[in-house]
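Q: File work_3.cif follows (mmCIF, C-alpha atoms):
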data_entry
loop_
_atom_site.label_atom_id
_atom_site.label_comp_id
_atom_site.auth_asym_id
_atom_site.auth_seq_id
_atom_site.Cartn_x
_atom_site.Cartn_y
_atom_site.Cartn_z
CA MET A 1 119.20 134.91 138.53
CA GLU A 2 122.49 133.21 137.81
CA SER A 3 120.86 129.82 137.28
CA VAL A 4 118.38 131.38 134.85
CA ILE A 5 121.21 133.00 132.92
CA GLN A 6 123.15 129.72 132.89
CA CYS A 7 120.05 127.91 131.65
CA LEU A 8 119.54 130.45 128.87
CA THR A 9 123.22 130.24 127.97
CA ARG A 10 123.06 126.43 127.69
CA LYS A 11 119.96 126.68 125.48
CA THR A 12 121.64 129.30 123.30
CA MET A 13 124.77 127.18 122.93
CA ALA A 14 122.68 124.12 122.09
CA THR A 15 120.85 126.13 119.42
CA ILE A 16 124.12 127.38 117.98
CA LYS A 17 125.48 123.83 117.86
CA THR A 18 122.33 122.59 116.12
CA VAL A 19 122.46 125.40 113.55
CA SER A 20 126.18 124.86 113.02
CA LYS A 21 125.64 121.15 112.51
CA PHE A 22 122.84 121.88 110.02
CA HIS A 23 125.06 124.26 108.04
CA PHE A 24 127.88 121.69 108.13
CA PHE A 25 125.70 118.99 106.63
CA MET A 26 124.30 121.44 104.05
CA SER A 27 127.76 122.59 103.00
CA GLU A 28 128.95 118.98 102.91
CA ALA A 29 126.05 118.02 100.62
CA GLU A 30 126.71 121.04 98.41
CA SER A 31 130.39 120.13 98.22
CA LEU A 32 129.47 116.60 97.15
CA VAL A 33 127.19 117.94 94.41
CA ASP A 34 129.93 120.30 93.19
CA ALA A 35 132.50 117.51 93.23
CA TRP A 36 130.16 115.23 91.28
CA GLN A 37 129.60 118.00 88.73
CA SER A 38 133.36 118.16 88.18
CA LEU A 39 133.07 114.71 86.59
CA GLU A 40 130.16 115.69 84.33
CA LYS A 41 131.84 114.95 81.01
CA HIS A 42 132.36 111.37 82.14
CA TRP A 43 128.77 110.61 83.23
CA LEU A 44 126.42 112.94 81.36
CA ILE A 45 123.87 111.26 79.09
CA PRO A 46 122.86 113.84 76.47
CA THR A 47 119.22 114.31 75.56
CA THR A 48 117.98 113.88 72.01
CA GLY A 49 116.58 117.40 71.98
CA LYS A 50 113.16 116.10 71.01
CA GLN A 51 110.01 117.12 72.84
CA LEU A 52 108.11 114.45 74.75
CA PRO A 53 105.02 113.12 72.96
CA ARG A 54 101.81 114.91 73.88
CA THR A 55 99.26 112.83 75.76
CA PRO A 56 95.83 114.42 75.23
CA SER A 57 94.09 111.07 75.77
CA TYR A 58 95.95 110.22 78.96
CA ALA A 59 93.80 112.29 81.30
CA PHE A 60 90.65 110.88 79.68
CA LEU A 61 91.86 107.31 80.14
CA ARG A 62 92.75 107.93 83.77
CA MET A 63 89.49 109.71 84.53
CA PHE A 64 87.05 107.34 82.84
CA LEU A 65 88.73 104.05 81.97
CA SER A 66 90.61 103.59 85.25
CA PRO A 67 87.49 103.77 87.52
CA PHE A 68 85.75 101.35 85.18
CA LEU A 69 88.54 98.78 85.25
CA ARG A 70 89.50 99.10 88.91
CA PRO A 71 86.46 97.21 90.29
CA LEU A 72 87.14 94.41 87.81
CA LEU A 73 90.73 93.95 88.93
CA ASN A 74 91.88 91.91 91.89
CA ALA A 75 94.76 94.35 92.49
CA ARG A 76 96.53 95.43 95.65
CA MET A 77 98.84 98.48 95.69
CA THR A 78 100.98 99.55 98.63
CA GLY A 79 103.61 102.21 99.20
CA LEU A 80 102.25 104.59 96.56
CA HIS A 81 103.01 107.52 98.89
CA HIS A 82 106.69 106.94 98.05
CA ILE A 83 106.08 108.07 94.46
CA PRO A 84 106.66 111.86 94.19
CA ARG A 85 103.72 113.69 92.64
CA ASN A 86 106.03 116.17 90.91
CA GLY A 87 109.56 116.32 89.55
CA PRO A 88 111.71 113.73 87.80
CA VAL A 89 111.34 110.18 89.06
CA ILE A 90 112.40 106.73 87.91
CA LEU A 91 109.95 103.93 88.67
CA ALA A 92 112.03 100.74 88.67
CA ALA A 93 110.14 97.43 88.66
CA ASN A 94 110.68 93.77 87.88
CA HIS A 95 109.31 92.53 84.57
CA LEU A 96 107.22 89.36 84.21
CA SER A 97 104.42 90.14 81.75
CA HIS A 98 103.10 92.48 79.06
CA VAL A 99 100.71 93.98 81.63
CA ASP A 100 103.56 95.23 83.87
CA PRO A 101 103.92 98.73 82.36
CA ILE A 102 100.14 99.18 82.35
CA PHE A 103 99.97 98.26 86.04
CA VAL A 104 102.79 100.66 86.93
CA ILE A 105 101.21 103.47 84.90
CA ALA A 106 97.83 102.87 86.57
CA SER A 107 99.44 102.94 90.02
CA ALA A 108 101.73 105.95 89.58
CA ARG A 109 98.97 108.62 89.68
CA ARG A 110 100.93 110.70 87.17
CA THR A 111 101.87 110.48 83.50
CA THR A 112 104.58 107.85 83.21
CA HIS A 113 106.67 107.39 80.08
CA TYR A 114 108.15 104.08 79.03
CA LEU A 115 110.53 103.40 76.19
CA ALA A 116 108.96 101.00 73.68
CA LYS A 117 110.60 99.34 70.71
CA ASP A 118 109.44 100.48 67.29
CA GLY A 119 107.73 97.14 66.63
CA HIS A 120 104.95 98.13 69.06
CA PHE A 121 104.07 101.11 66.87
CA LYS A 122 103.45 99.23 63.60
CA ASN A 123 99.92 98.08 64.41
CA ALA A 124 97.39 100.98 64.26
CA VAL A 125 95.61 100.01 67.49
CA MET A 126 98.86 99.50 69.42
CA ARG A 127 100.27 102.72 67.97
CA PHE A 128 97.26 104.68 69.24
CA ALA A 129 97.50 103.07 72.70
CA MET A 130 101.24 103.74 72.91
CA ARG A 131 100.97 107.36 71.91
CA ALA A 132 97.86 108.00 73.99
CA THR A 133 99.75 106.95 77.12
CA GLY A 134 102.93 108.87 76.25
CA GLN A 135 105.17 105.93 75.43
CA ILE A 136 108.32 106.77 73.50
CA GLU A 137 109.25 104.93 70.33
CA THR A 138 112.87 103.79 70.17
CA LYS A 139 114.66 102.51 67.08
CA ARG A 140 116.45 99.21 67.40
CA ASP A 141 119.26 100.38 65.12
CA GLU A 142 120.04 103.32 67.46
CA GLY A 143 121.39 100.97 70.11
CA GLY A 144 121.54 101.39 73.88
CA GLU A 145 122.94 104.92 73.88
CA GLY A 146 120.04 106.17 71.76
CA ALA A 147 117.55 104.62 74.19
CA LEU A 148 119.32 106.21 77.17
CA SER A 149 119.16 109.62 75.49
CA SER A 150 115.43 109.15 74.93
CA ALA A 151 115.07 108.28 78.61
CA ALA A 152 117.10 111.37 79.49
CA ASP A 153 114.51 113.47 77.61
CA VAL A 154 111.91 112.36 80.16
CA LEU A 155 113.99 113.18 83.23
CA ASP A 156 115.24 116.45 81.77
CA SER A 157 111.58 117.46 81.40
CA GLY A 158 110.91 116.69 85.06
CA GLN A 159 108.61 113.76 84.24
CA ALA A 160 108.18 110.16 85.43
CA LEU A 161 110.13 107.44 83.65
CA GLY A 162 109.22 103.77 83.95
CA ILE A 163 112.13 101.34 83.75
CA PHE A 164 112.62 97.60 83.97
CA PRO A 165 116.25 97.40 85.19
CA GLU A 166 116.50 93.78 84.06
CA GLY A 167 116.43 95.14 80.51
CA THR A 168 113.97 92.52 79.30
CA ARG A 169 111.07 90.40 80.49
CA SER A 170 112.22 87.49 82.63
CA LYS A 171 111.74 84.16 80.83
CA ARG A 172 112.77 82.01 83.79
CA THR A 173 110.30 79.24 84.49
CA GLU A 174 111.21 78.80 88.16
CA GLN A 175 111.82 81.23 91.00
CA PRO A 176 113.72 83.41 91.44
CA TYR A 177 112.43 85.03 88.27
CA LEU A 178 114.31 88.27 88.96
CA LEU A 179 117.26 88.77 86.60
CA PRO A 180 120.43 90.77 87.35
CA GLY A 181 119.92 94.46 86.67
CA LYS A 182 121.64 96.36 83.87
CA THR A 183 123.46 99.55 84.82
CA GLY A 184 121.46 101.86 82.55
CA ILE A 185 119.29 102.82 85.52
CA ALA A 186 122.38 103.88 87.50
CA ARG A 187 123.74 105.91 84.60
CA LEU A 188 120.44 107.77 84.29
CA ALA A 189 120.27 108.40 88.04
CA ALA A 190 123.86 109.66 87.98
CA SER A 191 123.16 111.98 85.04
CA TYR A 192 120.14 113.43 86.87
CA PRO A 193 121.35 113.18 90.48
CA ASP A 194 118.27 114.85 91.98
CA THR A 195 115.94 112.30 90.39
CA VAL A 196 114.20 110.01 92.88
CA VAL A 197 114.56 106.32 92.03
CA VAL A 198 111.64 104.33 93.45
CA PRO A 199 111.98 100.51 93.58
CA MET A 200 108.78 98.59 92.88
CA ALA A 201 107.88 94.90 93.11
CA LEU A 202 105.20 93.37 90.89
CA THR A 203 103.67 90.00 91.74
CA GLY A 204 101.04 87.91 90.00
CA THR A 205 101.24 89.66 86.64
CA ARG A 206 102.59 86.59 84.86
CA ASN A 207 99.58 84.59 86.07
CA MET A 208 97.32 87.34 84.78
CA MET A 209 98.87 87.32 81.32
CA LYS A 210 101.62 84.86 80.56
CA PRO A 211 103.42 85.63 77.30
CA GLN A 212 102.78 83.10 74.50
CA ASP A 213 100.11 81.36 76.60
CA HIS A 214 97.46 84.04 77.19
CA LYS A 215 96.08 86.17 74.37
CA ALA A 216 94.27 88.51 76.78
CA PRO A 217 94.72 89.40 80.45
CA ARG A 218 92.76 87.31 82.94
CA LEU A 219 91.50 90.23 84.99
CA TRP A 220 90.27 88.12 87.91
CA ARG A 221 93.77 86.91 88.75
CA PRO A 222 95.27 88.65 91.84
CA ILE A 223 98.14 91.04 91.19
CA ALA A 224 100.05 93.31 93.53
CA LEU A 225 102.43 96.25 93.39
CA SER A 226 104.60 97.38 96.27
CA ALA A 227 106.60 100.63 96.05
CA GLY A 228 109.51 101.27 98.38
CA GLN A 229 111.37 104.30 99.70
CA GLY A 230 113.01 106.25 96.89
CA VAL A 231 116.57 107.54 96.79
CA THR A 232 118.47 110.06 94.66
CA TRP A 233 121.94 109.43 93.31
CA ILE A 234 123.46 112.08 95.60
CA GLU A 235 121.73 110.61 98.66
CA TRP A 236 122.97 107.16 97.74
CA LEU A 237 126.47 108.38 96.92
CA LYS A 238 127.09 109.80 100.40
CA ASP A 239 125.34 107.02 102.31
CA PRO A 240 127.82 104.75 104.18
CA ASN A 241 125.71 101.77 103.11
CA GLY A 242 125.48 103.05 99.54
CA GLY A 243 128.25 104.66 97.53
CA ASN A 244 130.11 105.67 100.71
CA THR A 245 131.82 108.47 98.78
CA ASN A 246 132.72 112.01 99.81
CA ALA A 247 133.58 115.18 97.91
CA GLN A 248 137.33 114.79 98.43
CA GLN A 249 137.32 111.32 96.90
CA LEU A 250 135.43 112.56 93.84
CA LEU A 251 137.79 115.51 93.38
CA GLN A 252 140.76 113.14 93.59
CA LEU A 253 139.08 110.87 91.05
CA SER A 254 138.67 113.79 88.63
CA THR A 255 142.48 114.15 88.43
CA LYS A 256 143.03 110.57 87.28
CA GLU A 257 143.33 109.10 83.81
CA GLU A 258 140.23 108.57 81.69
CA HIS A 259 140.26 104.78 82.00
CA GLU A 260 140.60 104.97 85.79
CA ILE A 261 137.67 107.37 86.06
CA ARG A 262 135.47 105.18 83.88
CA ALA A 263 136.40 102.08 85.87
CA SER A 264 135.53 103.79 89.16
CA LEU A 265 132.22 105.08 87.81
CA ALA A 266 131.39 101.63 86.41
CA SER A 267 131.96 100.18 89.89
CA LEU A 268 129.55 102.75 91.40
CA TYR A 269 126.96 102.05 88.70
CA ARG A 270 127.11 98.32 89.36
CA LYS A 271 126.78 98.77 93.12
CA PHE A 272 123.83 101.16 92.78
CA THR A 273 122.07 98.82 90.34
CA ASP A 274 122.64 95.76 92.54
CA GLN A 275 121.22 97.58 95.56
CA ILE A 276 118.15 98.72 93.63
CA MET A 277 117.61 95.13 92.51
CA GLY A 278 118.05 94.04 96.12
CA SER A 279 115.35 96.51 97.16
CA ILE A 280 113.00 95.19 94.45
CA SER A 281 113.60 91.67 95.71
CA ALA A 282 113.07 92.69 99.35
CA LEU A 283 109.74 94.28 98.38
CA GLY A 284 108.53 90.87 97.26
CA ALA A 285 109.50 90.45 93.60
CA PRO A 286 109.46 86.69 92.93
#
Rewrite the structure from the file as structure tokens, please.
A:
Amino acid sequence: MESVIQCLTRKTMATIKTVSKFHFFMSEAESLVDAWQSLEKHWLIPTTGKQLPRTPSYAFLRMFLSPFLRPLLNARMTGLHHIPRNGPVILAANHLSHVDPIFVIASARRTTHYLAKDGHFKNAVMRFAMRATGQIETKRDEGGEGALSSAADVLDSGQALGIFPEGTRSKRTEQPYLLPGKTGIARLAASYPDTVVVPMALTGTRNMMKPQDHKAPRLWRPIALSAGQGVTWIEWLKDPNGGNTNAQQLLQLSTKEEHEIRASLASLYRKFTDQIMGSISALGAP
């Protein structure tokens, strides 16, 4: 009888320890979120207040056009299970060709919004295509902050946002084509810390449609997309191999001067961006 009681006692104690450990990690994560929120005025990207464009044609295009084009394409897609089907997500890919956003949109299995410069909306056909797929027109004279606020509209609505962290299409003629990432992606992730950032590598798209050389995509050319494991800002922030930051450090940071806070945040943004770019490269981006 005593051995049975001792056995039950050990099991009970083990359960208590497991539950205690779970609550510790939960409270630690909640503390980190609260500490990050204490710095909100320093990292928040405000939305524009505008509603996202309606996409009545998007479902039609996905239902009818996608099955028609898919057999014609020599495309390979892997890791799509990493893309959340619901909630805010940032799809971060390398940029080699005009077909890149179309390939990402076709692979995402959900409405994906990209920011597009106003020049793409001047031609009637392009304007219809842009609006039909939910792309958001940005004004060049609004600058980078205006574009970030437009991107924030997407995440604030719980939708998928497509981003090319390089900021522009790579014009390098020799590998590596991948450019250094700009920290806009980190600032957006930090402003919406529960948003999943999914790194993606595109290959072959430049051979399919090389800017200035090809007037139309060569659909028979092989292309590939590989999506990796996503991460939220909060997950990255507490990871020893990521931001390696705890709640106490953030609370201490909140007491410092404005310039010190901004410098520390800029360092985190750069590290996050560099690691996302490293993930894109590791997934096979040329």
Q: With the PyMOL selection byres ((chain A and resi 101-108) around 10) as the selection, what would be picked from this file? Answer as a count of residues only, please.
A: 43
Q: Please evaluate the PyMOL selection byres ((chain A and resi 33-48) around 9) against the structure above and give the resulting residues as a PyMOL selection string.
A: chain A and resi 28-32+49-51+145-146+148-154+156+187-188+190-193+234+246-251+253-254+258+261-262+265
Q: For the residues selected in the previous step, produce a file with C-alpha atoms as a PDB file, in the frame of the given file.
A:
ATOM      1  CA  GLU A  28     128.950 118.980 102.910  1.00  0.00           C
ATOM      2  CA  ALA A  29     126.050 118.020 100.620  1.00  0.00           C
ATOM      3  CA  GLU A  30     126.710 121.040  98.410  1.00  0.00           C
ATOM      4  CA  SER A  31     130.390 120.130  98.220  1.00  0.00           C
ATOM      5  CA  LEU A  32     129.470 116.600  97.150  1.00  0.00           C
ATOM      6  CA  GLY A  49     116.580 117.400  71.980  1.00  0.00           C
ATOM      7  CA  LYS A  50     113.160 116.100  71.010  1.00  0.00           C
ATOM      8  CA  GLN A  51     110.010 117.120  72.840  1.00  0.00           C
ATOM      9  CA  GLU A 145     122.940 104.920  73.880  1.00  0.00           C
ATOM     10  CA  GLY A 146     120.040 106.170  71.760  1.00  0.00           C
ATOM     11  CA  LEU A 148     119.320 106.210  77.170  1.00  0.00           C
ATOM     12  CA  SER A 149     119.160 109.620  75.490  1.00  0.00           C
ATOM     13  CA  SER A 150     115.430 109.150  74.930  1.00  0.00           C
ATOM     14  CA  ALA A 151     115.070 108.280  78.610  1.00  0.00           C
ATOM     15  CA  ALA A 152     117.100 111.370  79.490  1.00  0.00           C
ATOM     16  CA  ASP A 153     114.510 113.470  77.610  1.00  0.00           C
ATOM     17  CA  VAL A 154     111.910 112.360  80.160  1.00  0.00           C
ATOM     18  CA  ASP A 156     115.240 116.450  81.770  1.00  0.00           C
ATOM     19  CA  ARG A 187     123.740 105.910  84.600  1.00  0.00           C
ATOM     20  CA  LEU A 188     120.440 107.770  84.290  1.00  0.00           C
ATOM     21  CA  ALA A 190     123.860 109.660  87.980  1.00  0.00           C
ATOM     22  CA  SER A 191     123.160 111.980  85.040  1.00  0.00           C
ATOM     23  CA  TYR A 192     120.140 113.430  86.870  1.00  0.00           C
ATOM     24  CA  PRO A 193     121.350 113.180  90.480  1.00  0.00           C
ATOM     25  CA  ILE A 234     123.460 112.080  95.600  1.00  0.00           C
ATOM     26  CA  ASN A 246     132.720 112.010  99.810  1.00  0.00           C
ATOM     27  CA  ALA A 247     133.580 115.180  97.910  1.00  0.00           C
ATOM     28  CA  GLN A 248     137.330 114.790  98.430  1.00  0.00           C
ATOM     29  CA  GLN A 249     137.320 111.320  96.900  1.00  0.00           C
ATOM     30  CA  LEU A 250     135.430 112.560  93.840  1.00  0.00           C
ATOM     31  CA  LEU A 251     137.790 115.510  93.380  1.00  0.00           C
ATOM     32  CA  LEU A 253     139.080 110.870  91.050  1.00  0.00           C
ATOM     33  CA  SER A 254     138.670 113.790  88.630  1.00  0.00           C
ATOM     34  CA  GLU A 258     140.230 108.570  81.690  1.00  0.00           C
ATOM     35  CA  ILE A 261     137.670 107.370  86.060  1.00  0.00           C
ATOM     36  CA  ARG A 262     135.470 105.180  83.880  1.00  0.00           C
ATOM     37  CA  LEU A 265     132.220 105.080  87.810  1.00  0.00           C
TER      38      LEU A 265
END
Q: Within 9 Å of (127.2, 102.1, 93.8), in the coordinates the file gives, what residues turn up when you count only C-alpha atoms, written out as a PyMOL selection string?
A: chain A and resi 186+236-237+242-244+265-275
Q: Starting from the displayed file, determine the output of the PyMOL selection byres ((chain A and resi 87) around 6) and express the residue list as a PyMOL selection string.
A: chain A and resi 86+88+158-159
Q: Could you list, as a count of residues only, every residue within 12 Å of Pro180 (chain A), counting only C-alpha atoms and ignoring same-chain residues fewer than 2 positions away?
A: 24
Q: One decimal, in Å: what's the spacing between CA of Ser157 (chain A) and CA of Gly228 (chain A)?
A: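 Separating CA of Ser157 (chain A) from CA of Gly228 (chain A) is a distance of 23.6 Å.
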Q: In Å, with one decimal, what is the gap from CA of Lys171 (chain A) to CA of Arg221 (chain A)?
A: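 Between CA of Lys171 (chain A) and CA of Arg221 (chain A) the gap is 19.8 Å.
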Q: What does the distance between CA of Lys139 (chain A) and CA of Leu115 (chain A) come to in Å, to one decimal place?
A: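 A separation of 10.0 Å between them.
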Q: Identify which of the residues A:Val198, A:Ala132, A:Thr138, A:Ile185 lies closest to Gln229 (chain A), counting only C-alpha atoms when measuring atom-to-atom distances.
A: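 Ranking A:Val198, A:Ala132, A:Thr138, A:Ile185 by distance to Gln229 (chain A), first place goes to A:Val198.
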Q: Given all atoms listed in the file as the basis, pick out the residue of A:Met209, A:Thr203, A:Leu73, A:Asn123 nearest to Gln175 (chain A).
A: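 Going through A:Met209, A:Thr203, A:Leu73, A:Asn123 one by one, the smallest distance to Gln175 (chain A) is for A:Thr203.
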Q: Start from the incomplete input, build N, CA and C atoms for region 156-178 of chain A, and deliver everything as an mmCIF file, keeping the file's coordinate frame.
A:
data_model
loop_
_atom_site.group_PDB
_atom_site.id
_atom_site.type_symbol
_atom_site.label_atom_id
_atom_site.label_comp_id
_atom_site.auth_asym_id
_atom_site.auth_seq_id
_atom_site.Cartn_x
_atom_site.Cartn_y
_atom_site.Cartn_z
ATOM 1 N N ASP A 156 114.898 115.049 81.980
ATOM 2 C CA ASP A 156 115.240 116.450 81.770
ATOM 3 C C ASP A 156 113.999 117.331 81.758
ATOM 4 N N SER A 157 112.857 116.734 81.415
ATOM 5 C CA SER A 157 111.580 117.460 81.400
ATOM 6 C C SER A 157 110.876 117.412 82.746
ATOM 7 N N GLY A 158 111.499 116.761 83.735
ATOM 8 C CA GLY A 158 110.910 116.690 85.060
ATOM 9 C C GLY A 158 109.737 115.730 85.153
ATOM 10 N N GLN A 159 109.732 114.692 84.301
ATOM 11 C CA GLN A 159 108.610 113.760 84.240
ATOM 12 C C GLN A 159 108.975 112.410 84.857
ATOM 13 N N ALA A 160 107.991 111.508 84.877
ATOM 14 C CA ALA A 160 108.180 110.160 85.430
ATOM 15 C C ALA A 160 108.591 109.193 84.323
ATOM 16 N N LEU A 161 109.622 108.422 84.596
ATOM 17 C CA LEU A 161 110.130 107.440 83.650
ATOM 18 C C LEU A 161 109.986 106.047 84.248
ATOM 19 N N GLY A 162 109.325 105.156 83.523
ATOM 20 C CA GLY A 162 109.220 103.770 83.950
ATOM 21 C C GLY A 162 110.357 102.965 83.361
ATOM 22 N N ILE A 163 110.977 102.137 84.192
ATOM 23 C CA ILE A 163 112.130 101.340 83.750
ATOM 24 C C ILE A 163 112.020 99.926 84.313
ATOM 25 N N PHE A 164 112.421 98.965 83.498
ATOM 26 C CA PHE A 164 112.620 97.600 83.970
ATOM 27 C C PHE A 164 114.129 97.367 83.985
ATOM 28 N N PRO A 165 114.783 97.478 85.139
ATOM 29 C CA PRO A 165 116.250 97.400 85.190
ATOM 30 C C PRO A 165 116.820 96.104 84.634
ATOM 31 N N GLU A 166 116.009 95.046 84.613
ATOM 32 C CA GLU A 166 116.500 93.780 84.060
ATOM 33 C C GLU A 166 116.788 93.900 82.561
ATOM 34 N N GLY A 167 116.181 94.897 81.928
ATOM 35 C CA GLY A 167 116.430 95.140 80.510
ATOM 36 C C GLY A 167 115.521 94.364 79.586
ATOM 37 N N THR A 168 114.870 93.340 80.098
ATOM 38 C CA THR A 168 113.970 92.520 79.300
ATOM 39 C C THR A 168 113.031 91.769 80.247
ATOM 40 N N ARG A 169 111.997 91.188 79.686
ATOM 41 C CA ARG A 169 111.070 90.400 80.490
ATOM 42 C C ARG A 169 111.728 89.078 80.881
ATOM 43 N N SER A 170 111.625 88.736 82.162
ATOM 44 C CA SER A 170 112.220 87.490 82.630
ATOM 45 C C SER A 170 111.512 86.287 82.002
ATOM 46 N N LYS A 171 112.284 85.384 81.448
ATOM 47 C CA LYS A 171 111.740 84.160 80.830
ATOM 48 C C LYS A 171 112.032 82.924 81.695
ATOM 49 N N ARG A 172 112.523 83.138 82.891
ATOM 50 C CA ARG A 172 112.770 82.010 83.790
ATOM 51 C C ARG A 172 111.462 81.313 84.131
ATOM 52 N N THR A 173 111.510 80.014 84.210
ATOM 53 C CA THR A 173 110.300 79.240 84.490
ATOM 54 C C THR A 173 110.183 78.855 85.968
ATOM 55 N N GLU A 174 111.237 79.086 86.727
ATOM 56 C CA GLU A 174 111.210 78.800 88.160
ATOM 57 C C GLU A 174 111.779 79.986 88.928
ATOM 58 N N GLN A 175 111.302 80.142 90.168
ATOM 59 C CA GLN A 175 111.820 81.230 91.000
ATOM 60 C C GLN A 175 113.258 80.945 91.430
ATOM 61 N N PRO A 176 114.065 81.997 91.589
ATOM 62 C CA PRO A 176 113.720 83.410 91.440
ATOM 63 C C PRO A 176 113.638 83.822 89.970
ATOM 64 N N TYR A 177 112.593 84.538 89.631
ATOM 65 C CA TYR A 177 112.430 85.030 88.270
ATOM 66 C C TYR A 177 113.287 86.274 88.014
ATOM 67 N N LEU A 178 113.609 87.002 89.079
ATOM 68 C CA LEU A 178 114.310 88.270 88.960
ATOM 69 C C LEU A 178 115.699 88.086 88.352
#
